[in-house]
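Shown next: coords.cif, given as mmCIF, C-alpha atoms.
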data_data
loop_
_atom_site.label_atom_id
_atom_site.label_comp_id
_atom_site.auth_asym_id
_atom_site.auth_seq_id
_atom_site.Cartn_x
_atom_site.Cartn_y
_atom_site.Cartn_z
CA MET G 1 0.00 0.00 0.00
CA GLY G 2 1.31 3.42 -0.92
CA PHE G 3 2.06 6.24 1.41
CA ARG G 4 1.08 9.89 1.60
CA LYS G 5 3.01 12.21 3.88
CA GLU G 6 2.08 15.79 4.63
CA PHE G 7 4.40 18.56 5.78
CA ARG G 8 3.49 22.07 6.83
CA LEU G 9 6.25 24.65 7.20
CA SER G 10 5.07 27.82 8.91
CA GLY G 11 6.55 31.01 10.19
CA SER G 12 6.97 34.56 9.01
CA GLY G 13 8.10 36.03 5.71
CA GLY G 14 11.86 36.16 5.24
CA GLN G 15 12.59 32.97 7.20
CA GLY G 16 13.01 31.00 3.97
CA LEU G 17 10.31 28.45 4.70
CA ILE G 18 8.68 28.70 1.28
CA LEU G 19 12.05 27.98 -0.28
CA ALA G 20 12.67 25.08 2.09
CA GLY G 21 9.28 23.68 1.06
CA LYS G 22 10.16 23.99 -2.60
CA ILE G 23 13.46 22.21 -2.08
CA LEU G 24 11.73 19.38 -0.22
CA ALA G 25 9.16 18.99 -3.01
CA GLU G 26 11.85 19.14 -5.70
CA ALA G 27 13.90 16.54 -3.86
CA ALA G 28 10.91 14.20 -3.75
CA ALA G 29 9.60 14.81 -7.26
CA ILE G 30 12.69 15.45 -9.34
CA TYR G 31 15.41 13.48 -7.58
CA ASP G 32 13.54 10.70 -5.74
CA GLY G 33 10.98 9.99 -8.45
CA LYS G 34 8.02 10.35 -6.12
CA ASN G 35 4.93 12.46 -6.57
CA ALA G 36 4.89 15.77 -4.72
CA THR G 37 2.92 18.98 -4.46
CA GLN G 38 3.99 22.19 -2.79
CA SER G 39 1.79 25.13 -1.98
CA GLN G 40 2.64 28.49 -0.60
CA SER G 41 0.55 31.03 1.14
CA TYR G 42 1.26 34.40 2.62
CA GLY G 43 -0.70 36.06 5.34
CA PRO G 44 -2.32 39.46 4.99
CA GLU G 45 1.01 41.29 5.16
CA ALA G 46 2.37 39.37 2.19
CA ARG G 47 6.07 38.59 2.26
CA GLY G 48 6.61 40.42 5.53
CA GLY G 49 3.91 38.69 7.54
CA SER G 50 3.08 35.07 8.07
CA SER G 51 4.02 32.45 5.52
CA ARG G 52 3.10 28.84 5.08
CA SER G 53 4.18 26.09 2.76
CA GLU G 54 2.55 22.68 2.50
CA ILE G 55 4.24 19.73 0.86
CA ILE G 56 2.64 16.42 0.09
CA VAL G 57 4.82 13.49 -0.89
CA SER G 58 3.44 10.21 -2.11
CA ASP G 59 4.55 7.17 -4.05
CA GLU G 60 1.13 7.11 -5.70
CA GLU G 61 -0.84 9.72 -7.60
CA ILE G 62 -1.88 12.62 -5.39
CA ASP G 63 -5.62 12.91 -5.61
CA TYR G 64 -5.97 15.99 -3.41
CA PRO G 65 -3.12 18.51 -3.12
CA LYS G 66 -4.09 20.18 0.17
CA ALA G 67 -2.72 19.08 3.51
CA VAL G 68 -5.45 17.86 5.85
CA ASN G 69 -3.68 15.46 8.19
CA ILE G 70 -0.23 16.76 8.92
CA ASP G 71 2.63 14.33 9.53
CA LEU G 72 5.14 17.01 10.37
CA LEU G 73 4.53 20.61 11.35
CA LEU G 74 7.50 22.95 11.43
CA ALA G 75 6.80 26.19 13.29
CA PHE G 76 9.15 29.13 13.36
CA THR G 77 6.77 31.48 15.18
CA GLN G 78 4.48 31.08 18.17
CA GLU G 79 1.54 32.31 16.12
CA ALA G 80 2.10 29.66 13.45
CA CYS G 81 2.47 26.95 16.05
CA ASP G 82 -0.74 27.91 17.83
CA LYS G 83 -2.65 28.20 14.59
CA TYR G 84 -1.59 25.00 12.86
CA LYS G 85 -1.06 22.41 15.60
CA ARG G 86 -4.71 21.38 15.32
CA ASP G 87 -4.13 19.72 11.95
CA VAL G 88 -1.32 17.48 13.14
CA ARG G 89 -2.35 13.84 13.08
CA ASN G 90 -2.01 11.48 16.02
CA ASP G 91 1.61 10.33 16.32
CA GLY G 92 2.67 13.15 14.02
CA ILE G 93 5.64 15.41 14.68
CA VAL G 94 5.74 19.04 15.73
CA LEU G 95 9.16 20.61 15.28
CA VAL G 96 9.55 24.12 16.68
CA ASP G 97 12.37 26.61 16.82
CA SER G 98 12.61 27.16 20.55
CA GLY G 99 14.10 30.60 19.95
CA TYR G 100 10.72 31.75 18.66
CA VAL G 101 8.24 29.26 20.08
CA THR G 102 8.24 29.25 23.86
CA ASN G 103 4.76 27.92 24.52
CA VAL G 104 5.26 24.37 23.29
CA PRO G 105 2.04 22.59 22.28
CA LYS G 106 0.75 19.42 23.91
CA GLY G 107 -1.16 16.68 22.15
CA ASN G 108 -0.99 13.21 20.68
CA PHE G 109 2.10 14.07 18.74
CA LYS G 110 5.83 14.16 19.35
CA VAL G 111 7.24 17.60 19.99
CA TYR G 112 10.82 18.51 19.27
CA SER G 113 11.72 21.93 20.59
CA VAL G 114 15.13 22.85 19.21
CA PRO G 115 16.97 26.19 18.92
CA ILE G 116 17.24 25.82 15.16
CA THR G 117 18.25 29.39 14.34
CA GLU G 118 20.81 29.42 17.14
CA ILE G 119 22.27 26.16 15.89
CA ALA G 120 22.50 27.61 12.37
CA GLU G 121 24.33 30.61 13.71
CA LYS G 122 26.71 28.69 15.97
CA LYS G 123 27.44 25.62 13.89
CA VAL G 124 27.18 26.99 10.37
CA GLY G 125 27.99 30.62 11.03
CA LYS G 126 24.87 32.06 9.46
CA ALA G 127 21.45 32.33 11.08
CA LEU G 128 19.90 32.71 7.64
CA VAL G 129 20.41 29.04 6.86
CA ALA G 130 18.12 28.00 9.71
CA ASN G 131 15.63 26.93 7.04
CA ILE G 132 18.17 24.49 5.61
CA VAL G 133 19.06 23.18 9.08
CA ALA G 134 15.32 22.58 9.58
CA LEU G 135 15.19 20.83 6.22
CA GLY G 136 17.91 18.46 7.39
CA MET G 137 16.01 17.76 10.58
CA MET G 138 12.78 17.06 8.73
CA THR G 139 14.58 14.75 6.31
CA GLU G 140 16.05 12.74 9.17
CA LEU G 141 12.94 12.71 11.38
CA THR G 142 10.60 11.50 8.65
CA LYS G 143 12.85 9.68 6.17
CA VAL G 144 10.22 10.31 3.50
CA VAL G 145 12.70 11.83 1.08
CA SER G 146 16.25 10.58 0.73
CA LYS G 147 19.16 12.61 2.01
CA GLU G 148 20.85 12.40 -1.40
CA ALA G 149 17.77 13.76 -3.15
CA VAL G 150 17.59 16.77 -0.83
CA GLU G 151 21.29 17.43 -1.33
CA SER G 152 20.77 17.38 -5.10
CA ALA G 153 17.84 19.75 -4.78
CA ILE G 154 19.92 22.12 -2.66
CA ARG G 155 22.74 22.04 -5.22
CA SER G 156 20.33 22.95 -7.99
CA ARG G 157 19.13 26.00 -6.06
CA VAL G 158 22.47 27.70 -5.48
CA PRO G 159 25.20 28.94 -7.81
CA LYS G 160 27.89 26.36 -8.49
CA GLY G 161 30.66 26.64 -5.95
CA THR G 162 28.50 27.94 -3.11
CA GLU G 163 26.89 24.64 -2.18
CA GLU G 164 29.21 24.09 0.76
CA LEU G 165 27.53 26.36 3.28
CA ASN G 166 24.05 25.08 2.52
CA LEU G 167 25.11 21.45 2.46
CA LYS G 168 26.84 21.99 5.77
CA ALA G 169 23.62 23.47 7.18
CA PHE G 170 21.73 20.46 5.89
CA ALA G 171 24.22 18.05 7.47
CA VAL G 172 24.00 19.93 10.77
CA GLY G 173 20.22 19.50 10.64
CA ILE G 174 20.55 15.75 10.03
CA GLU G 175 23.03 15.42 12.87
CA THR G 176 20.84 17.45 15.25
CA ALA G 177 17.84 15.25 14.50
CA GLN G 178 19.86 12.06 14.96
CA LYS G 179 20.71 13.14 18.49
CA LEU G 180 17.02 13.65 19.28
CA GLN G 181 15.93 10.16 18.36
CA MET X 182 7.12 20.25 -31.36
CA PHE X 183 9.00 19.69 -28.11
CA PRO X 184 10.41 23.04 -26.98
CA GLU X 185 13.80 23.01 -25.32
CA TRP X 186 12.50 24.59 -22.11
CA LEU X 187 10.30 21.59 -21.45
CA ASN X 188 13.46 19.65 -20.65
CA TYR X 189 13.71 21.82 -17.53
CA VAL X 190 10.28 20.78 -16.31
CA ASN X 191 9.90 17.64 -14.21
CA GLU X 192 8.89 14.87 -16.63
CA LYS X 193 5.91 13.93 -14.49
CA THR X 194 4.39 17.41 -14.67
CA GLN X 195 5.10 18.20 -18.32
CA LEU X 196 1.70 17.09 -19.53
CA SER X 197 -0.13 19.00 -16.83
CA LEU X 198 1.85 22.15 -17.54
CA VAL X 199 1.35 22.01 -21.31
CA SER X 200 -2.37 21.32 -20.80
CA ILE X 201 -2.59 24.33 -18.47
CA LEU X 202 -0.89 26.59 -21.01
CA HIS X 203 -3.25 25.28 -23.69
CA GLU X 204 -6.24 26.02 -21.44
CA LEU X 205 -4.93 29.45 -20.49
CA SER X 206 -4.53 30.24 -24.18
CA HIS X 207 -8.30 29.90 -24.48
CA LEU X 208 -9.00 31.84 -21.31
CA GLN X 209 -6.83 34.81 -22.24
CA ASP X 210 -8.73 37.63 -23.93
CA LYS X 211 -6.36 38.55 -26.75
CA ARG X 212 -8.17 41.73 -27.81
CA ASP X 213 -8.53 43.25 -24.37
CA LEU X 214 -6.00 41.44 -22.24
CA ASN X 215 -7.38 40.16 -18.97
CA PHE X 216 -4.10 38.74 -17.71
CA ILE X 217 -0.53 38.10 -18.69
CA ILE X 218 1.98 35.61 -17.37
CA ILE X 219 4.73 37.07 -15.21
CA GLY X 220 7.37 35.64 -12.85
CA ALA X 221 9.95 33.03 -13.75
CA PHE X 222 7.92 31.30 -16.40
CA PRO X 223 8.44 33.85 -19.23
CA LEU X 224 12.18 33.68 -18.48
CA LEU X 225 12.07 29.91 -18.80
CA ILE X 226 10.21 29.78 -22.10
CA ARG X 227 12.40 32.52 -23.61
CA GLY X 228 15.49 30.45 -22.89
CA TYR X 229 17.03 32.44 -20.05
CA LEU X 230 16.68 29.79 -17.34
CA LYS X 231 18.19 26.39 -17.91
CA TYR X 232 17.81 24.37 -14.75
CA LYS X 233 15.20 22.03 -13.39
CA VAL X 234 13.07 23.14 -10.43
CA CYS X 235 9.34 23.06 -9.66
CA TRP X 236 7.99 26.00 -11.66
CA ASP X 237 4.82 27.97 -10.95
CA VAL X 238 2.63 29.89 -13.37
CA ASP X 239 1.90 33.43 -12.16
CA LEU X 240 -0.98 35.28 -13.75
CA LEU X 241 -1.10 39.07 -13.33
CA PHE X 242 -4.61 40.42 -13.86
CA LYS X 243 -5.69 43.74 -15.28
CA ASN X 244 -8.00 44.47 -12.35
CA GLY X 245 -10.20 42.84 -9.76
CA GLU X 246 -13.17 42.64 -12.11
CA ARG X 247 -11.21 40.69 -14.73
CA LEU X 248 -9.86 38.37 -12.05
CA LYS X 249 -13.40 37.73 -10.83
CA GLN X 250 -14.58 37.00 -14.39
CA PHE X 251 -11.63 34.66 -14.89
CA MET X 252 -12.39 32.72 -11.73
CA GLU X 253 -16.03 32.44 -12.79
CA SER X 254 -14.98 31.13 -16.19
CA LEU X 255 -12.92 28.40 -14.54
CA LYS X 256 -16.14 26.66 -13.56
CA THR X 257 -16.47 25.43 -17.13
CA SER X 258 -12.78 24.64 -17.52
CA VAL X 259 -11.76 21.05 -18.12
CA ALA X 260 -8.97 21.42 -15.60
CA ARG X 261 -9.44 20.14 -12.09
CA ILE X 262 -8.66 23.02 -9.80
CA VAL X 263 -8.14 23.08 -6.05
CA ASN X 264 -7.88 26.45 -4.34
CA TYR X 265 -5.22 26.68 -1.67
CA ASP X 266 -6.57 29.95 -0.31
CA ASP X 267 -10.07 30.45 1.02
CA ASP X 268 -10.16 34.01 -0.22
CA LEU X 269 -8.00 36.63 -1.89
CA MET X 270 -4.95 37.40 0.23
CA ILE X 271 -4.90 41.17 0.31
CA SER X 272 -1.99 43.29 1.47
CA GLU X 273 -0.85 46.83 0.85
CA ASN X 274 0.93 46.23 -2.46
CA ILE X 275 -0.22 42.88 -3.71
CA THR X 276 -3.30 40.71 -3.78
CA SER X 277 -2.83 37.05 -4.48
CA PHE X 278 -4.70 33.78 -4.72
CA HIS X 279 -3.03 30.40 -4.92
CA ALA X 280 -4.46 27.37 -6.71
CA ALA X 281 -3.33 24.01 -8.01
CA TRP X 282 -4.41 22.80 -11.44
CA THR X 283 -4.26 19.35 -12.93
CA PHE X 284 -5.32 17.41 -15.97
CA ASP X 285 -3.79 14.11 -14.99
CA HIS X 286 -3.24 13.93 -11.20
CA THR X 287 0.08 15.73 -11.27
CA TRP X 288 -0.50 19.17 -9.86
CA PHE X 289 0.85 22.47 -10.97
CA ASN X 290 0.69 25.72 -9.02
CA VAL X 291 -1.12 28.59 -10.70
CA ASP X 292 -1.15 31.87 -8.81
CA TYR X 293 -3.50 34.76 -9.54
CA ILE X 294 -2.09 38.19 -8.76
CA LEU X 295 -3.31 41.76 -8.65
CA ARG X 296 -0.74 44.49 -8.23
CA LYS X 297 -1.51 48.15 -8.52
CA ASN X 298 -0.02 49.80 -11.65
CA TYR X 299 1.96 46.73 -12.66
CA PHE X 300 -0.40 45.40 -15.32
CA GLU X 301 -0.02 48.77 -17.04
CA TYR X 302 3.74 48.56 -16.59
CA TYR X 303 3.88 45.20 -18.33
CA THR X 304 1.45 46.04 -21.10
CA ARG X 305 2.18 49.74 -21.60
CA ASN X 306 2.80 49.47 -25.29
CA LYS X 307 2.38 46.65 -27.72
CA THR X 308 6.08 46.05 -28.19
CA ASP X 309 6.43 45.30 -24.48
CA ILE X 310 4.41 42.14 -24.66
CA ILE X 311 5.34 39.36 -26.97
CA PRO X 312 2.90 36.56 -27.78
CA TYR X 313 4.34 33.14 -27.18
CA GLU X 314 3.21 30.71 -29.85
CA GLN X 315 4.22 27.09 -29.74
CA SER X 316 2.81 23.71 -30.66
CA VAL X 317 3.77 20.93 -28.31
CA THR X 318 3.21 17.24 -28.97
CA LEU X 319 3.00 14.98 -25.95
CA ASN X 320 1.56 11.47 -25.83
CA ASP X 321 0.53 11.73 -29.50
CA ARG X 322 -1.57 14.83 -28.88
CA THR X 323 -0.68 18.30 -30.07
CA TYR X 324 -1.32 21.28 -27.80
CA CYS X 325 -1.38 24.80 -29.18
CA ILE X 326 -0.08 27.51 -26.93
CA HIS X 327 -0.79 31.13 -27.80
CA LEU X 328 -0.28 33.37 -24.84
CA PHE X 329 0.78 36.90 -24.09
CA VAL X 330 3.55 36.74 -21.55
CA ALA X 331 5.51 39.51 -19.90
CA HIS X 332 8.64 40.77 -21.60
CA PRO X 333 11.63 39.17 -19.80
CA TRP X 334 13.41 42.52 -19.52
CA ASP X 335 10.40 44.04 -17.75
CA ILE X 336 10.51 41.20 -15.27
CA ILE X 337 14.19 41.88 -14.60
CA VAL X 338 13.70 45.62 -14.11
CA GLU X 339 10.96 44.93 -11.60
CA LYS X 340 13.21 42.50 -9.72
CA ILE X 341 16.19 44.87 -9.72
CA VAL X 342 14.27 47.78 -8.20
CA SER X 343 12.46 45.56 -5.71
CA PRO X 344 13.31 46.21 -2.02
CA ARG X 345 13.30 42.45 -1.55
CA THR X 346 16.22 41.99 -3.95
CA LYS X 347 18.12 44.79 -2.22
CA LYS X 348 17.54 43.09 1.11
CA GLU X 349 18.64 39.71 -0.26
CA LEU X 350 21.78 41.30 -1.66
CA ASN X 351 22.59 42.99 1.66
CA LEU X 352 22.12 39.67 3.45
CA LYS X 353 24.13 37.86 0.74
CA ILE X 354 21.44 35.22 0.29
CA ASP X 355 22.96 32.81 -2.23
CA MET X 356 19.63 31.02 -2.71
CA SER X 357 17.86 34.18 -3.86
CA VAL X 358 15.64 33.22 -6.77
CA ASP X 359 15.37 36.81 -7.99
CA ILE X 360 19.12 37.37 -8.04
CA ARG X 361 19.60 34.16 -9.97
CA HIS X 362 17.08 35.34 -12.55
CA ILE X 363 18.76 38.73 -12.85
CA PHE X 364 22.17 37.20 -13.48
CA SER X 365 20.73 34.70 -15.96
CA VAL X 366 19.37 37.54 -18.08
CA TYR X 367 22.42 39.73 -17.55
CA GLY X 368 24.72 36.97 -18.80
CA LYS X 369 22.89 36.94 -22.11
CA GLU X 370 22.18 40.62 -22.56
CA LYS X 371 25.02 42.56 -20.98
CA ASP X 372 26.49 43.66 -24.31
CA ASN X 373 23.15 44.43 -25.87
CA LEU X 374 22.62 48.20 -26.07
CA GLN X 375 18.93 47.70 -26.78
CA PHE X 376 18.59 45.84 -23.46
CA TRP X 377 20.09 48.71 -21.51
CA ASP X 378 18.04 51.39 -23.26
CA TYR X 379 14.90 49.38 -22.71
CA CYS X 380 15.57 48.69 -19.04
CA LEU X 381 16.49 52.26 -18.21
CA GLU X 382 13.37 53.52 -19.94
CA LYS X 383 11.18 51.11 -18.01
CA SER X 384 12.88 51.96 -14.73
CA ARG X 385 11.96 55.59 -15.42
CA TYR X 386 8.39 54.49 -15.94
CA LEU X 387 8.48 52.96 -12.45
CA GLN X 388 10.10 56.18 -11.20
CA ALA X 389 12.96 54.05 -10.02
CA GLU X 390 15.84 54.84 -12.36
CA LYS X 391 18.16 55.73 -9.47
CA GLU X 392 17.34 52.47 -7.68
CA PHE X 393 17.79 50.54 -10.93
CA ARG X 394 21.28 51.93 -11.50
CA GLU X 395 22.39 51.61 -7.88
CA ASN X 396 20.94 48.18 -7.20
CA PHE X 397 22.14 46.71 -10.48
CA MET X 398 25.63 48.11 -9.96
CA ASN X 399 25.73 46.69 -6.43
CA LEU X 400 24.53 43.32 -7.65
CA LEU X 401 27.33 43.23 -10.21
CA LYS X 402 29.92 44.39 -7.70
CA PHE X 403 28.99 41.72 -5.21
CA ALA X 404 28.28 38.94 -7.72
CA LYS X 405 31.29 36.94 -6.53
CA ASP X 406 30.19 37.18 -2.89
CA LEU X 407 26.87 35.70 -3.94
CA GLY X 408 28.61 32.80 -5.66
CA TYR X 409 28.34 34.08 -9.22
CA ASP X 410 32.04 33.93 -10.04
CA ASN X 411 31.32 33.81 -13.75
CA VAL X 412 29.55 37.18 -13.80
CA VAL X 413 31.89 39.70 -15.34
CA MET X 414 30.87 43.32 -15.70
CA SER X 415 30.94 44.33 -19.34
CA PRO X 416 32.22 47.79 -20.30
CA LEU X 417 28.79 48.58 -21.72
CA SER X 418 27.10 47.76 -18.39
CA ILE X 419 29.41 50.10 -16.53
CA LYS X 420 28.85 52.83 -19.08
CA MET X 421 25.05 52.47 -19.05
CA LEU X 422 24.72 52.20 -15.28
CA LYS X 423 27.02 55.13 -14.55
CA GLN X 424 25.64 57.47 -17.22
#
So, in terms of structure tokens, how does the structure I just supplied come out?
Amino acid sequence: MGFRKEFRLSGSGGQGLILAGKILAEAAAIYDGKNATQSQSYGPEARGGSSRSEIIVSDEEIDYPKAVNIDLLLAFTQEACDKYKRDVRNDGIVLVDSGYVTNVPKGNFKVYSVPITEIAEKKVGKALVANIVALGMMTELTKVVSKEAVESAIRSRVPKGTEELNLKAFAVGIETAQKLQ
Amino acid sequence: MFPEWLNYVNEKTQLSLVSILHELSHLQDKRDLNFIIIGAFPLLIRGYLKYKVCWDVDLLFKNGERLKQFMESLKTSVARIVNYDDDLMISENITSFHAAWTFDHTWFNVDYILRKNYFEYYTRNKTDIIPYEQSVTLNDRTYCIHLFVAHPWDIIVEKIVSPRTKKELNLKIDMSVDIRHIFSVYGKEKDNLQFWDYCLEKSRYLQAEKEFRENFMNLLKFAKDLGYDNVVMSPLSIKMLKQ
């Protein structure tokens, strides 16, 4: 029987979550040969306000492209966490950046509260790659998309020769997630 | 019958995309334009972008009334459409609506956009908009595409004067999609005097000539820091941007 996995990446504009969602979808669809959809939505203050990206990955045809039963919610703001935790399925995963989300949700899901932005800054040297660190964590926590596919998708998104920083951020994310499990 | 740009579209979504373009060709009012295609897509089909990512189709509408009419007309479309947004997402400068379209279970994002003054910017005179005409044969069926799409140089001017690009440059974001697009076009057009005259004229239309010159010059100066080692400033660029 096939699988269908739903991701929701939420936060505020400028945190790179839409891009992280695109990379995840591209990894699944282009490099892993799966089916994937990716949606993006901005809140009322487009591009400066809230932002949300939903990714569905399946090894079968995707009949409905909207996320309704979230397997993994990534929240980079308290507002996003409060708003979207309701859609997380039982035994799903909620991953929050503890630098921004202090009121951690409770429910029938696993919660990982990790200082993602701080880790990006300390271990990679650039807070701006927190989205890629989060991408590494999601890859490791769910194992829906292969590590190699995400690395290929990252490479295709940056100019040749600058992959190192982003791939390092991705590896840091993988490593961080491994320590959680 | 198989355009080169289609090689840069995920094989699984090629049919859906071509079907969408075929459908949009019917939905576009050619005599009194209701929308044009903007964003990365015109750059892709005009041969400026040569890499494989998940593309979107962005439709910029003339006004709210034409967008409403378009959405009404979709009820009779043969495409299966799922709206991501419950309503129009309205902000100070831009109104958007996100949807997914399919003809075969592989979904493609189609975004509907309203942006004050920008439809006029893109369609100001007839030479600014170039119809894209192409027949594509997939699975033994031929699809005819006839669509007015934004002029690639207009797209670049808009990106260069955008505060977002300036911010991404200041933060040295190497994954900036807009900066990648700018350098892709620059690489092809930097020695083309017509390109520079056109862009400067359109930046004046946006009342952003100063920003155009400054931002473009800064982008070129810091190209290496952004990872674009192959971007070399041509003498003509320096001359045109410093004039």
Report as an mmCIF file with C-alpha atoms, keeping the file's coordinate frame all protein, DNA and RNA residues lying within 7 Å of Ser113 of chain G, evaluated on all atoms listed in the file, omitting residues in the same chain fewer than 5 positions from it.
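File produced: selection23.cif:
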data_model
loop_
_atom_site.group_PDB
_atom_site.id
_atom_site.type_symbol
_atom_site.label_atom_id
_atom_site.label_comp_id
_atom_site.auth_asym_id
_atom_site.auth_seq_id
_atom_site.Cartn_x
_atom_site.Cartn_y
_atom_site.Cartn_z
ATOM 1 C CA LEU G 95 9.160 20.610 15.280
ATOM 2 C CA VAL G 96 9.550 24.120 16.680
ATOM 3 C CA ASP G 97 12.370 26.610 16.820
ATOM 4 C CA SER G 98 12.610 27.160 20.550
#
TODO: Spell out the residues picked by the PyMOL selection byres ((chain X and resi 397-402) around 12) here, as JSON, numbers by chain.
DONE: {"X": [337, 338, 339, 340, 341, 342, 343, 346, 347, 348, 349, 350, 351, 352, 353, 354, 355, 357, 359, 360, 361, 362, 363, 364, 367, 368, 371, 377, 380, 381, 384, 389, 390, 391, 392, 393, 394, 395, 396, 403, 404, 405, 406, 407, 408, 409, 410, 411, 412, 413, 414, 415, 418, 419, 420, 421, 422, 423, 424]}
Take the point (23.7, 14.7, 13.2) as written in the file and pick out every residue within 12 Å of it, counting only C-alpha atoms; give the list as an mmCIF file with C-alpha atoms, in the coordinates of the input.
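The file below, point_10.cif, is the result:
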data_model
loop_
_atom_site.group_PDB
_atom_site.id
_atom_site.type_symbol
_atom_site.label_atom_id
_atom_site.label_comp_id
_atom_site.auth_asym_id
_atom_site.auth_seq_id
_atom_site.Cartn_x
_atom_site.Cartn_y
_atom_site.Cartn_z
ATOM 1 C CA ILE G 119 22.270 26.160 15.890
ATOM 2 C CA LYS G 123 27.440 25.620 13.890
ATOM 3 C CA VAL G 133 19.060 23.180 9.080
ATOM 4 C CA GLY G 136 17.910 18.460 7.390
ATOM 5 C CA MET G 137 16.010 17.760 10.580
ATOM 6 C CA THR G 139 14.580 14.750 6.310
ATOM 7 C CA GLU G 140 16.050 12.740 9.170
ATOM 8 C CA LEU G 141 12.940 12.710 11.380
ATOM 9 C CA LYS G 168 26.840 21.990 5.770
ATOM 10 C CA ALA G 169 23.620 23.470 7.180
ATOM 11 C CA PHE G 170 21.730 20.460 5.890
ATOM 12 C CA ALA G 171 24.220 18.050 7.470
ATOM 13 C CA VAL G 172 24.000 19.930 10.770
ATOM 14 C CA GLY G 173 20.220 19.500 10.640
ATOM 15 C CA ILE G 174 20.550 15.750 10.030
ATOM 16 C CA GLU G 175 23.030 15.420 12.870
ATOM 17 C CA THR G 176 20.840 17.450 15.250
ATOM 18 C CA ALA G 177 17.840 15.250 14.500
ATOM 19 C CA GLN G 178 19.860 12.060 14.960
ATOM 20 C CA LYS G 179 20.710 13.140 18.490
ATOM 21 C CA LEU G 180 17.020 13.650 19.280
ATOM 22 C CA GLN G 181 15.930 10.160 18.360
#
Hits from the PyMOL selection byres ((chain X and resi 274) around 7), listed as number ranges by chain: X: 272-273, 275, 296-297
message = Show me, as JSON, numbers by chain, every residue of chain G with an atom at most 8 Å from chain X, counting only C-alpha atoms.
response = {"G": [22, 25, 26, 29, 30, 35, 37, 38, 39, 40, 41, 42, 43, 44, 45, 46, 61, 62, 63, 64, 65, 66, 128, 156, 157, 158, 159, 160, 161, 162]}
**Request:** Find the residues near Lys83 of chain G: any atom within 12 Å, counting only C-alpha atoms, skip ones fewer than 5 places away on the same chain, and give them as a ChimeraX atom specification.
**Result:** /G:8,10-11,50,52,73-78,88,105
If you count only C-alpha atoms, the residue of X:Leu196, X:Leu214, X:Leu240, X:Leu205 closest to Ile326 of chain X turns out to be X:Leu205
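Picture a line from atom CA of Glu185 of chain X to atom CA of Gly33 of chain G; it runs 21.5 Å.
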Kindly resolve the PyMOL selection byres ((chain G and resi 92) around 6) on the present coordinates and return the residues as an mmCIF file with C-alpha atoms, keeping the file's coordinate frame.
data_model
loop_
_atom_site.group_PDB
_atom_site.id
_atom_site.type_symbol
_atom_site.label_atom_id
_atom_site.label_comp_id
_atom_site.auth_asym_id
_atom_site.auth_seq_id
_atom_site.Cartn_x
_atom_site.Cartn_y
_atom_site.Cartn_z
ATOM 1 C CA ASP G 71 2.630 14.330 9.530
ATOM 2 C CA LEU G 72 5.140 17.010 10.370
ATOM 3 C CA VAL G 88 -1.320 17.480 13.140
ATOM 4 C CA ARG G 89 -2.350 13.840 13.080
ATOM 5 C CA ASN G 90 -2.010 11.480 16.020
ATOM 6 C CA ASP G 91 1.610 10.330 16.320
ATOM 7 C CA ILE G 93 5.640 15.410 14.680
ATOM 8 C CA PHE G 109 2.100 14.070 18.740
#
**Study point:** Polymer residues at most 12 Å from Arg212 of chain X, all atoms listed in the file, same-chain spacing of 3 or more positions, as a PyMOL selection string
**Key:** chain X and resi 208-209+215-216+307+328-329
Shortest contact to Gly13 of chain G, candidates G:Asn131, G:Ser58, G:Asn69, G:Thr142, atoms counted only C-alpha atoms, goes to G:Asn131
- Message: What's the separation between atom CA of Lys243 of chain X and atom CA of Ile201 of chain X, in Å to one decimal place?
- Response: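 Separation of atom CA of Lys243 of chain X and atom CA of Ile201 of chain X: 19.9 Å.
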> Expressed in Å to a single decimal, how great is the separation between atom CA of Lys126 of chain G and atom CA of Tyr112 of chain G?
Replying inline: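 These two atoms are separated by 21.8 Å.
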Using only C-alpha atoms, which of G:Val124, G:Ala80, G:Ala67, G:Ala36 sits nearest Val144 of chain G?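 Ranking G:Val124, G:Ala80, G:Ala67, G:Ala36 by distance to Val144 of chain G, first place goes to G:Ala36.
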key: Nearest to Ser316 of chain X by atom-to-atom distance, counting all atoms listed in the file, from X:Leu417, X:Leu202, X:Ala260, X:Leu374   =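 Nearest to Ser316 of chain X: X:Leu202.
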Nearest to Ser197 of chain X: which of X:Asn320, X:Gln250, X:Asn373, X:Gln388 is it, counting only C-alpha atoms?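 Counting only C-alpha atoms, the residue closest to Ser197 of chain X is X:Asn320.
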Please report, as lines of an AutoDock Vina configuration file, the centre and edge lengths in Å to one decimal of an axis-aligned box covering all listed atoms of segment 296-308 of chain X with 4 Å per side.
center_x = 2.3
center_y = 47.1
center_z = -18.2
size_x = 15.6
size_y = 13.3
size_z = 28.0
*asked:* Could you list, as a list in words, every residue within 8 Å of Pro333 of chain X, counting all atoms listed in the file and ignoring same-chain residues fewer than 6 positions away?
replied: Pro223, Leu224 and Arg227 of chain X
